[in-house]
Amino acid sequence: KAGVTQTPRYLIKTRGQQVTLSCSPISGHRSVSWYQQTPGQGLQFLFEYFSETQRNKGNFPGRFSGRQFSNSRSEMNVSTLELGDSALYLCASSLTWGGFYEQYFGPGTRLTVT
Amino acid sequence: GENVEQHPSTLSVQEGDSAVIKCTYSDSASNYFPWYKQELGKGPQLIIDIRSNVGEKKDQRIAVTLNKTAKHFSLHITETQPEDSAVYFCAASKADDKIIFGKGTRLHILP
């Protein structure tokens, strides 16, 4: 069974631009969570989607948004990029939503903002 | 909300020795505690997890213990090998809520 895939793997953007990252979960998994990973802050939860609905949300500004499609694939968008948005963005898939179930991570998208 | 503290931030052990990483959590309602291993250039990989109805779980060289009264849980790796070198994350969560991660422990296995 294929694992979680994320595209693109690397991205370089300029301050003020916007970016869209994509995540395809493991076949049969209906929940997708997004995390931001930085050396100083570790893994910070962004949001979780299940059945095209956001179920949980972390403490990030409104510039960070996401959505999920009927095939469970998910995208996250960051508008008006700032230098501090440079990070590894990870998505994780799970059979269902809520923190009680195993999550499986993709390889991440490395975003660099210049 | 939940807060997870993880110690130590860096750990060096001789190959063949044991390694122990400890985590504490703040929300007594948390009932799921996974551990992840992250190698360079890869996403975190789930290596073992424990739920609050058990006190210990083993999988070959890896074991996790949970003390719900004290609100702490630990990862034990025995007979360490070079491929165990990585960053390890603990996490805690409860039903219908997000998973909160510790800051990670960088484990170095010395030859």
# chains A, B, ... in the order shown; residues from 1 in each chain; ligands from 1
>>> interface_residues(of="chain B", to="chain A", cutoff="10 Å", atoms="only C-alpha atoms", output="VMD selection string")
chain B and resid 30 to 34 36 38 41 to 46 48 to 49 51 89 91 to 104
>>> select_by_dssp(residues="stretch 35-79 of chain B", states="strand (DSSP E or B)", output="number ranges by chain")
B: 35-38, 45-51, 56-59, 62-67, 72-77
>>> write_last_selection(atoms="N, CA and C atoms", output="PDB file, in the first residue's frame")
ATOM      1  N   TRP B  35       4.860   7.362  19.884  1.00  0.00           N
ATOM      2  CA  TRP B  35       6.241   7.771  19.739  1.00  0.00           C
ATOM      3  C   TRP B  35       6.613   7.693  18.260  1.00  0.00           C
ATOM      4  N   TYR B  36       7.359   8.709  17.821  1.00  0.00           N
ATOM      5  CA  TYR B  36       7.768   8.775  16.423  1.00  0.00           C
ATOM      6  C   TYR B  36       9.290   8.883  16.323  1.00  0.00           C
ATOM      7  N   LYS B  37       9.818   8.329  15.250  1.00  0.00           N
ATOM      8  CA  LYS B  37      11.245   8.417  14.935  1.00  0.00           C
ATOM      9  C   LYS B  37      11.379   9.160  13.620  1.00  0.00           C
ATOM     10  N   GLN B  38      12.228  10.175  13.593  1.00  0.00           N
ATOM     11  CA  GLN B  38      12.428  10.930  12.369  1.00  0.00           C
ATOM     12  C   GLN B  38      13.884  10.895  11.950  1.00  0.00           C
ATOM     13  N   GLN B  45       8.122   8.723  11.701  1.00  0.00           N
ATOM     14  CA  GLN B  45       7.570   7.378  11.516  1.00  0.00           C
ATOM     15  C   GLN B  45       7.083   6.864  12.866  1.00  0.00           C
ATOM     16  N   LEU B  46       5.854   6.419  12.921  1.00  0.00           N
ATOM     17  CA  LEU B  46       5.299   5.852  14.149  1.00  0.00           C
ATOM     18  C   LEU B  46       6.042   4.557  14.486  1.00  0.00           C
ATOM     19  N   ILE B  47       6.624   4.485  15.700  1.00  0.00           N
ATOM     20  CA  ILE B  47       7.373   3.283  16.061  1.00  0.00           C
ATOM     21  C   ILE B  47       6.675   2.466  17.146  1.00  0.00           C
ATOM     22  N   ILE B  48       5.940   3.109  17.998  1.00  0.00           N
ATOM     23  CA  ILE B  48       5.195   2.402  19.032  1.00  0.00           C
ATOM     24  C   ILE B  48       4.210   3.380  19.661  1.00  0.00           C
ATOM     25  N   ASP B  49       3.118   2.863  20.170  1.00  0.00           N
ATOM     26  CA  ASP B  49       2.161   3.725  20.871  1.00  0.00           C
ATOM     27  C   ASP B  49       1.546   2.956  22.032  1.00  0.00           C
ATOM     28  N   ILE B  50       0.968   3.701  22.943  1.00  0.00           N
ATOM     29  CA  ILE B  50       0.343   3.076  24.106  1.00  0.00           C
ATOM     30  C   ILE B  50      -0.919   3.834  24.462  1.00  0.00           C
ATOM     31  N   ARG B  51      -1.919   3.097  24.885  1.00  0.00           N
ATOM     32  CA  ARG B  51      -3.158   3.725  25.309  1.00  0.00           C
ATOM     33  C   ARG B  51      -3.285   3.586  26.819  1.00  0.00           C
ATOM     34  N   GLU B  56       2.423  -0.826  30.058  1.00  0.00           N
ATOM     35  CA  GLU B  56       3.663  -1.065  29.345  1.00  0.00           C
ATOM     36  C   GLU B  56       3.360  -1.817  28.054  1.00  0.00           C
ATOM     37  N   LYS B  57       4.174  -1.525  27.047  1.00  0.00           N
ATOM     38  CA  LYS B  57       4.033  -2.210  25.766  1.00  0.00           C
ATOM     39  C   LYS B  57       5.415  -2.415  25.182  1.00  0.00           C
ATOM     40  N   LYS B  58       5.665  -3.617  24.617  1.00  0.00           N
ATOM     41  CA  LYS B  58       6.985  -3.911  24.044  1.00  0.00           C
ATOM     42  C   LYS B  58       6.854  -4.329  22.604  1.00  0.00           C
ATOM     43  N   ASP B  59       7.880  -3.985  21.827  1.00  0.00           N
ATOM     44  CA  ASP B  59       7.979  -4.445  20.452  1.00  0.00           C
ATOM     45  C   ASP B  59       9.451  -4.639  20.165  1.00  0.00           C
ATOM     46  N   ILE B  62      12.174  -2.203  21.570  1.00  0.00           N
ATOM     47  CA  ILE B  62      11.541  -0.953  21.988  1.00  0.00           C
ATOM     48  C   ILE B  62      10.425  -1.242  22.981  1.00  0.00           C
ATOM     49  N   ALA B  63      10.356  -0.414  24.024  1.00  0.00           N
ATOM     50  CA  ALA B  63       9.271  -0.531  24.999  1.00  0.00           C
ATOM     51  C   ALA B  63       8.837   0.856  25.429  1.00  0.00           C
ATOM     52  N   VAL B  64       7.585   0.979  25.774  1.00  0.00           N
ATOM     53  CA  VAL B  64       7.071   2.234  26.304  1.00  0.00           C
ATOM     54  C   VAL B  64       6.337   1.935  27.611  1.00  0.00           C
ATOM     55  N   THR B  65       6.569   2.788  28.607  1.00  0.00           N
ATOM     56  CA  THR B  65       5.877   2.660  29.883  1.00  0.00           C
ATOM     57  C   THR B  65       5.050   3.907  30.131  1.00  0.00           C
ATOM     58  N   LEU B  66       3.935   3.750  30.808  1.00  0.00           N
ATOM     59  CA  LEU B  66       3.025   4.854  31.081  1.00  0.00           C
ATOM     60  C   LEU B  66       2.647   4.853  32.553  1.00  0.00           C
ATOM     61  N   ASN B  67       2.789   6.010  33.183  1.00  0.00           N
ATOM     62  CA  ASN B  67       2.353   6.191  34.562  1.00  0.00           C
ATOM     63  C   ASN B  67       1.297   7.293  34.560  1.00  0.00           C
ATOM     64  N   HIS B  72       3.390  10.730  33.274  1.00  0.00           N
ATOM     65  CA  HIS B  72       4.600  10.652  32.465  1.00  0.00           C
ATOM     66  C   HIS B  72       4.718   9.296  31.778  1.00  0.00           C
ATOM     67  N   PHE B  73       5.409   9.292  30.672  1.00  0.00           N
ATOM     68  CA  PHE B  73       5.623   8.074  29.891  1.00  0.00           C
ATOM     69  C   PHE B  73       7.026   8.109  29.299  1.00  0.00           C
ATOM     70  N   SER B  74       7.575   6.938  29.058  1.00  0.00           N
ATOM     71  CA  SER B  74       8.977   6.837  28.654  1.00  0.00           C
ATOM     72  C   SER B  74       9.144   5.835  27.519  1.00  0.00           C
ATOM     73  N   LEU B  75      10.170   6.094  26.712  1.00  0.00           N
ATOM     74  CA  LEU B  75      10.565   5.187  25.632  1.00  0.00           C
ATOM     75  C   LEU B  75      11.892   4.555  26.023  1.00  0.00           C
ATOM     76  N   HIS B  76      11.961   3.231  25.934  1.00  0.00           N
ATOM     77  CA  HIS B  76      13.186   2.502  26.248  1.00  0.00           C
ATOM     78  C   HIS B  76      13.638   1.749  25.001  1.00  0.00           C
ATOM     79  N   ILE B  77      14.888   1.970  24.610  1.00  0.00           N
ATOM     80  CA  ILE B  77      15.474   1.225  23.494  1.00  0.00           C
ATOM     81  C   ILE B  77      16.641   0.424  24.053  1.00  0.00           C
TER      82      ILE B  77
END
>>> residues_around(residues="A:Tyr49", least_positions_apart="3", cutoff="9 Å", atoms="only C-alpha atoms", output="list of chain:residue names")
A:Arg30, A:Ser31, A:Val32, A:Ser33, A:Trp34, A:Glu52, A:Thr53, A:Gln54, A:Arg55, A:Asn56, A:Gly66, A:Arg67, A:Gln68, A:Ser72, A:Ser74, A:Trp97
>>> atom_distance(atom1="atom CA of B:Asn3", atom2="atom CA of B:Tyr25")
5.7 Å
>>> closest_residue(among="B:Asp84, B:Glu39, B:Glu79, B:Glu5", to="B:Ser18", atoms="only C-alpha atoms")
B:Glu79
>>> atom_distance(atom1="atom CA of B:Val13", atom2="atom CA of B:Lys68")
27.9 Å
>>> closest_residue(among="A:Thr14, A:Asn71, A:Asn59, A:Thr7", to="A:Thr114", atoms="only C-alpha atoms")
A:Thr14
>>> residues_around(residues="B:Thr105", least_positions_apart="5", cutoff="9 Å", atoms="only C-alpha atoms", output="list in words")
Gln6, His7, Pro8, Ser9, Thr10, Leu11, Ile21, Ala86, Val87, Tyr88, Phe89 and Cys90 of chain B
>>> atom_distance(atom1="atom CA of A:Ile12", atom2="atom CA of A:Tyr35")
18.5 Å
